[in-house]
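The file entry.cif contains mmCIF, C-alpha atoms:
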data_my_file
loop_
_atom_site.label_atom_id
_atom_site.label_comp_id
_atom_site.auth_asym_id
_atom_site.auth_seq_id
_atom_site.Cartn_x
_atom_site.Cartn_y
_atom_site.Cartn_z
CA MET M 112 -18.55 24.25 10.35
CA ASN M 113 -19.52 24.73 6.71
CA ASP M 114 -18.51 28.42 6.96
CA ALA M 115 -14.88 27.59 7.67
CA PRO M 116 -12.47 28.20 4.79
CA ARG M 117 -11.51 25.07 2.87
CA ILE M 118 -8.12 23.65 3.76
CA ARG M 119 -6.16 22.14 0.89
CA SER M 120 -4.65 18.75 1.76
CA ILE M 121 -2.96 16.02 -0.27
CA ILE M 122 -2.10 12.65 1.22
CA LYS M 123 1.37 12.09 -0.16
CA ARG M 124 2.47 8.97 1.65
CA THR M 125 1.40 6.26 4.04
CA THR M 126 4.19 4.90 6.22
CA LEU M 127 3.99 1.30 7.41
CA MET M 128 5.99 -0.26 10.21
CA VAL M 129 7.80 -3.37 8.97
CA ARG M 130 9.62 -6.22 10.64
CA ASN M 131 12.26 -6.83 7.95
CA MET M 132 13.22 -3.97 5.63
CA GLU M 133 14.82 -6.02 2.87
CA LYS M 134 11.96 -8.53 2.73
CA SER M 135 9.42 -5.69 2.60
CA ARG M 136 11.36 -3.65 0.04
CA ARG M 137 11.67 -6.73 -2.18
CA TRP M 138 7.89 -7.30 -1.97
CA TYR M 139 7.01 -3.73 -3.00
CA GLU M 140 9.52 -3.85 -5.85
CA HIS M 141 8.66 -7.32 -7.15
CA VAL M 142 4.89 -7.38 -6.55
CA LEU M 143 3.82 -3.76 -7.08
CA GLY M 144 6.70 -2.60 -9.29
CA MET M 145 7.65 0.29 -7.01
CA THR M 146 11.12 1.82 -6.84
CA THR M 147 13.13 3.22 -3.93
CA TRP M 148 12.78 7.00 -3.71
CA LEU M 149 14.57 7.46 -0.35
CA ASP M 150 16.64 5.13 1.84
CA GLN M 151 17.81 6.61 5.14
CA GLU M 152 18.55 5.68 8.73
CA PHE M 153 17.66 8.31 11.31
CA ILE M 154 17.29 8.93 15.02
CA ILE M 155 13.79 9.63 16.39
CA SER M 156 13.36 13.09 17.94
CA GLY M 157 10.50 11.94 20.16
CA GLU M 158 8.20 14.67 18.82
CA GLY M 159 6.99 13.69 15.34
CA ILE M 160 5.72 10.11 15.52
CA ALA M 161 3.68 8.50 18.30
CA VAL M 162 5.82 5.39 18.67
CA GLY M 163 9.17 4.60 20.20
CA SER M 164 11.27 7.06 22.21
CA LYS M 165 13.64 9.95 21.64
CA GLY M 166 16.97 8.55 20.48
CA ASP M 167 15.63 5.36 18.88
CA LYS M 168 17.45 4.36 15.67
CA THR M 169 15.21 3.64 12.68
CA HIS M 170 15.44 2.88 8.97
CA LEU M 171 13.03 4.55 6.53
CA VAL M 172 12.65 3.54 2.91
CA ILE M 173 10.12 5.41 0.78
CA MET M 174 8.82 3.47 -2.20
CA LYS M 175 7.51 5.32 -5.26
CA ALA M 176 4.95 4.17 -7.80
CA GLU M 177 4.03 6.24 -10.86
CA ASP M 178 3.83 9.71 -9.28
CA ASP M 179 6.55 11.82 -7.65
CA LYS M 180 4.18 13.47 -5.18
CA ILE M 181 1.34 11.12 -4.18
CA GLY M 182 0.80 7.43 -3.58
CA MET M 183 4.17 6.70 -2.01
CA ILE M 184 4.56 4.09 0.70
CA GLY M 185 7.09 4.49 3.48
CA LEU M 186 8.56 1.41 5.13
CA LEU M 187 9.79 2.07 8.67
CA GLN M 188 11.81 -0.43 10.68
CA TRP M 189 12.96 0.08 14.25
CA LEU M 190 16.64 -0.91 14.50
CA ASP M 191 17.64 -0.04 18.07
CA PRO M 192 15.84 -0.91 20.16
CA VAL M 193 13.87 -3.42 18.12
CA LEU M 194 10.16 -2.95 18.87
CA PRO M 195 8.18 -6.12 19.59
CA ALA M 196 5.83 -6.84 16.69
CA PRO M 197 2.29 -8.17 16.99
CA GLU M 198 1.20 -11.28 15.11
CA ILE M 199 0.87 -10.76 11.36
CA PRO M 200 -2.81 -10.09 10.50
CA THR M 201 -4.57 -12.53 8.19
CA ALA M 202 -7.76 -10.48 7.86
CA VAL M 203 -8.79 -6.84 7.69
CA ASN M 204 -10.04 -5.35 10.94
CA TYR M 205 -10.52 -2.00 12.69
CA GLY M 206 -7.39 0.14 12.61
CA LEU M 207 -5.95 -1.72 9.62
CA PRO M 208 -5.87 0.02 6.24
CA VAL M 209 -7.06 -1.36 2.92
CA PHE M 210 -4.81 -0.18 0.09
CA VAL M 211 -6.47 -0.01 -3.33
CA VAL M 212 -4.10 -0.43 -6.27
CA GLU M 213 -4.90 -0.01 -9.95
CA THR M 214 -2.84 -2.40 -12.07
CA ASP M 215 -2.70 -3.65 -15.61
CA ASP M 216 -2.46 -7.31 -14.47
CA ALA M 217 -4.14 -8.29 -11.19
CA ALA M 218 -3.45 -12.00 -11.61
CA GLU M 219 0.27 -11.35 -12.12
CA LEU M 220 0.45 -9.36 -8.87
CA ALA M 221 -1.09 -12.33 -7.04
CA ARG M 222 1.35 -14.72 -8.71
CA ARG M 223 4.31 -12.58 -7.67
CA ALA M 224 3.04 -12.30 -4.09
CA GLU M 225 2.72 -16.10 -3.92
CA GLU M 226 6.20 -16.43 -5.42
CA LEU M 227 7.56 -14.47 -2.45
CA GLY M 228 5.59 -16.60 0.00
CA THR M 229 3.12 -13.96 1.13
CA ARG M 230 -0.57 -14.57 1.71
CA VAL M 231 -2.91 -14.24 -1.26
CA TYR M 232 -6.55 -14.02 -0.25
CA ASN M 233 -7.92 -14.19 -3.80
CA LYS M 234 -5.89 -14.76 -6.99
CA ARG M 235 -8.42 -13.31 -9.41
CA HIS M 236 -12.09 -12.50 -9.48
CA GLU M 237 -14.20 -10.39 -11.82
CA PHE M 238 -16.78 -7.88 -10.65
CA THR M 239 -18.58 -4.72 -11.73
CA VAL M 240 -18.97 -1.45 -9.84
CA THR M 241 -20.83 1.75 -10.64
CA GLY M 242 -18.55 4.79 -10.67
CA ALA M 243 -19.28 8.27 -9.33
CA ARG M 244 -20.54 9.45 -12.76
CA GLY M 245 -22.79 6.41 -13.24
CA GLU M 246 -20.39 4.47 -15.47
CA LYS M 247 -20.15 0.68 -15.13
CA ARG M 248 -16.57 -0.39 -14.47
CA HIS M 249 -15.81 -4.06 -15.17
CA LEU M 250 -12.79 -5.14 -13.15
CA ALA M 251 -10.57 -8.10 -12.41
CA GLY M 252 -9.30 -8.10 -8.86
CA ALA M 253 -6.75 -9.85 -6.70
CA SER M 254 -6.51 -9.50 -2.92
CA LEU M 255 -3.22 -9.99 -1.12
CA PHE M 256 -1.18 -9.21 1.96
CA ASP M 257 2.36 -7.82 2.18
CA PRO M 258 4.92 -9.54 4.47
CA ASP M 259 3.60 -7.61 7.51
CA GLY M 260 -0.09 -8.30 6.86
CA HIS M 261 -1.06 -5.02 5.20
CA PHE M 262 -3.97 -5.72 2.83
CA PHE M 263 -4.01 -4.76 -0.86
CA GLU M 264 -7.04 -4.81 -3.15
CA CYS M 265 -5.53 -4.82 -6.64
CA ASN M 266 -7.90 -3.93 -9.47
CA GLN M 267 -7.48 -4.17 -13.23
CA VAL M 268 -9.93 -2.27 -15.43
CA LEU M 269 -11.28 -4.63 -18.09
CA SER M 270 -13.80 -2.19 -19.63
CA VAL M 271 -15.91 0.86 -18.86
CA GLU M 272 -19.49 1.45 -20.00
CA GLU M 273 -20.41 5.12 -19.94
CA PRO M 274 -23.92 5.95 -18.66
CA ARG M 275 -26.65 6.26 -21.28
CA ILE M 276 -28.09 9.69 -21.70
CA SER M 277 -31.88 9.61 -22.13
#
Hey, can you dump this file as structure tokens for me?
Amino acid sequence: MNDAPRIRSIIKRTTLMVRNMEKSRRWYEHVLGMTTWLDQEFIISGEGIAVGSKGDKTHLVIMKAEDDKIGMIGLLQWLDPVLPAPEIPTAVNYGLPVFVVETDDAAELARRAEELGTRVYNKRHEFTVTGARGEKRHLAGASLFDPDGHFFECNQVLSVEEPRIS
């Protein structure tokens, strides 16, 4: 396997199924500061996504953060027929993603999430991690859920200590 040529891949977007497009869009705008990059209704072909059926009517909104190519989040709502939704998760479990967000104000993200009535697991906590180059990263974090139970670990860099060279 190590002899195979390297394949170049970039994860551009993660698309999340949502129950209520406007509620979800408002959350991503107000809490994470994202903007709408695309807003489109379309009919499912039955070939590209492993959910629903050919002919289903959907609504896709792609939210953009700081980059035009990576880190986007798609919000996908089934309009016709409406797909039954499971209960909203209140904890992380197998099959559920953990989104990691870098922010300049973790506590403010938690405040805004509470303001919109979504679950905040932790408003603010400080911790230290060792980075890939051996640096100590001192962070403030907040942990929260979007309206559909997707989990976000929001980290604010407080300071970085570079490794000491002996």
For Pro200 in chain M, find every residue with an atom within 10 Å (counting all atoms listed in the file), except residues of its own chain fewer than 4 positions away, and show them as a PDB file with C-alpha atoms, in the coordinates of the input.
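Writing done, so here's out.pdb:
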ATOM      1  CA  ASN M 204     -10.040  -5.350  10.940  1.00  0.00           C
ATOM      2  CA  LEU M 207      -5.950  -1.720   9.620  1.00  0.00           C
ATOM      3  CA  PHE M 256      -1.180  -9.210   1.960  1.00  0.00           C
ATOM      4  CA  PRO M 258       4.920  -9.540   4.470  1.00  0.00           C
ATOM      5  CA  ASP M 259       3.600  -7.610   7.510  1.00  0.00           C
ATOM      6  CA  GLY M 260      -0.090  -8.300   6.860  1.00  0.00           C
ATOM      7  CA  HIS M 261      -1.060  -5.020   5.200  1.00  0.00           C
ATOM      8  CA  PHE M 262      -3.970  -5.720   2.830  1.00  0.00           C
TER       9      PHE M 262
END
Requested in this report: Using only C-alpha atoms, determine which residues lie at most 9 Å from Val240 in chain M, disregarding the query and same-chain residues fewer than 3 positions distant; provide the list as a list of chain:residue names.
Outcome: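 Here the qualifying residues turn out to be M:Glu246, M:Lys247, M:Arg248, M:His249, M:Leu250.
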Proximity of range 230-255 of chain M to range 139-142 of chain M: per-residue shortest pair, 12 Å limit, only C-alpha atoms, as CSV:
residue,atom,partner,partner_atom,distance
M:Val231,CA,M:Val142,CA,11.7
M:Ala253,CA,M:Val142,CA,11.9
M:Leu255,CA,M:Val142,CA,10.1
Requested in this report: Could you tell me which of M:Arg275, M:Arg223, M:Lys123, M:Arg130 comes closest to Pro195 in chain M if we count only C-alpha atoms?
Outcome: M:Arg130
Report task. On this file, the PyMOL selection byres ((chain M and resi 118-121) around 10) gives some set of residues; write that set as a ChimeraX atom specification. Result -> /M:115-117,122-124,180-182
Give me a file of those residues, with C-alpha atoms, as a PDB file, in the coordinates of the input.
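Final output, part_15.pdb:
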ATOM      1  CA  ALA M 115     -14.880  27.590   7.670  1.00  0.00           C
ATOM      2  CA  PRO M 116     -12.470  28.200   4.790  1.00  0.00           C
ATOM      3  CA  ARG M 117     -11.510  25.070   2.870  1.00  0.00           C
ATOM      4  CA  ILE M 122      -2.100  12.650   1.220  1.00  0.00           C
ATOM      5  CA  LYS M 123       1.370  12.090  -0.160  1.00  0.00           C
ATOM      6  CA  ARG M 124       2.470   8.970   1.650  1.00  0.00           C
ATOM      7  CA  LYS M 180       4.180  13.470  -5.180  1.00  0.00           C
ATOM      8  CA  ILE M 181       1.340  11.120  -4.180  1.00  0.00           C
ATOM      9  CA  GLY M 182       0.800   7.430  -3.580  1.00  0.00           C
TER      10      GLY M 182
END
Report task. Enumerate, as an MDAnalysis selection string, the residues matched when the PyMOL selection byres ((chain M and resi 164-174) around 9) is run on the file above. Result -> chainID M and resid 124 126 132 136 139:140 145:158 161:163 175:176 183:193
Query - the PyMOL selection byres ((chain M and resi 264) around 12) resolved against shown file, as a PyMOL selection string - result: chain M and resi 143+203+208-214+217-218+220-221+231-236+250-257+261-263+265-267
Write out, as a compact mmCIF listing (two decimals), in the frame of the given file, the residues just selected, with C-alpha atoms.
# COMPACT_ATOMS: atom_id res chain seq x y z
CA LEU M 143 3.82 -3.76 -7.08
CA VAL M 203 -8.79 -6.84 7.69
CA PRO M 208 -5.87 0.02 6.24
CA VAL M 209 -7.06 -1.36 2.92
CA PHE M 210 -4.81 -0.18 0.09
CA VAL M 211 -6.47 -0.01 -3.33
CA VAL M 212 -4.10 -0.43 -6.27
CA GLU M 213 -4.90 -0.01 -9.95
CA THR M 214 -2.84 -2.40 -12.07
CA ALA M 217 -4.14 -8.29 -11.19
CA ALA M 218 -3.45 -12.00 -11.61
CA LEU M 220 0.45 -9.36 -8.87
CA ALA M 221 -1.09 -12.33 -7.04
CA VAL M 231 -2.91 -14.24 -1.26
CA TYR M 232 -6.55 -14.02 -0.25
CA ASN M 233 -7.92 -14.19 -3.80
CA LYS M 234 -5.89 -14.76 -6.99
CA ARG M 235 -8.42 -13.31 -9.41
CA HIS M 236 -12.09 -12.50 -9.48
CA LEU M 250 -12.79 -5.14 -13.15
CA ALA M 251 -10.57 -8.10 -12.41
CA GLY M 252 -9.30 -8.10 -8.86
CA ALA M 253 -6.75 -9.85 -6.70
CA SER M 254 -6.51 -9.50 -2.92
CA LEU M 255 -3.22 -9.99 -1.12
CA PHE M 256 -1.18 -9.21 1.96
CA ASP M 257 2.36 -7.82 2.18
CA HIS M 261 -1.06 -5.02 5.20
CA PHE M 262 -3.97 -5.72 2.83
CA PHE M 263 -4.01 -4.76 -0.86
CA CYS M 265 -5.53 -4.82 -6.64
CA ASN M 266 -7.90 -3.93 -9.47
CA GLN M 267 -7.48 -4.17 -13.23
Query raised in the report: Counting all atoms listed in the file, which of M:Asp216, M:Ser270, M:Met128, M:Asp179 gets nearest to Ile199 in chain M?
Result: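 Residue with the minimum atom-to-atom distance to Ile199 in chain M: M:Met128.
One finds CA of Leu127 in chain M at 16.3 Å from CA of Thr201 in chain M.
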Range 128-140 of chain M: axis-aligned bounding box, 4 Å on each side, centre and edge lengths in Å, one decimal, as JSON:
{"center_x": 10.4, "center_y": -4.4, "center_z": 2.4, "size_x": 16.8, "size_y": 16.3, "size_z": 24.5}
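Between Lys134 in chain M and the candidates M:Ile276, M:Val271, M:Ala243, M:Ala224, the tightest atom-to-atom separation, counting all atoms listed in the file, involves M:Ala224.
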Report task. Please measure the separation of CA of Glu198 in chain M and CA of Glu133 in chain M, giving the value in Å to one decimal. Result ->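 Atom-to-atom, CA of Glu198 in chain M and CA of Glu133 in chain M are spaced 19.1 Å apart.
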Query raised in the report: What does the distance between CA of Gly144 in chain M and CA of Phe238 in chain M come to in Å, to one decimal place?
Result: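 CA of Phe238 in chain M lies 24.1 Å from CA of Gly144 in chain M.
Nearest-residue note for Asn131 in chain M: choosing from M:Asn113, M:Ala196, M:Asp178, M:Arg230, the minimum distance belongs to M:Ala196, counting all atoms listed in the file.
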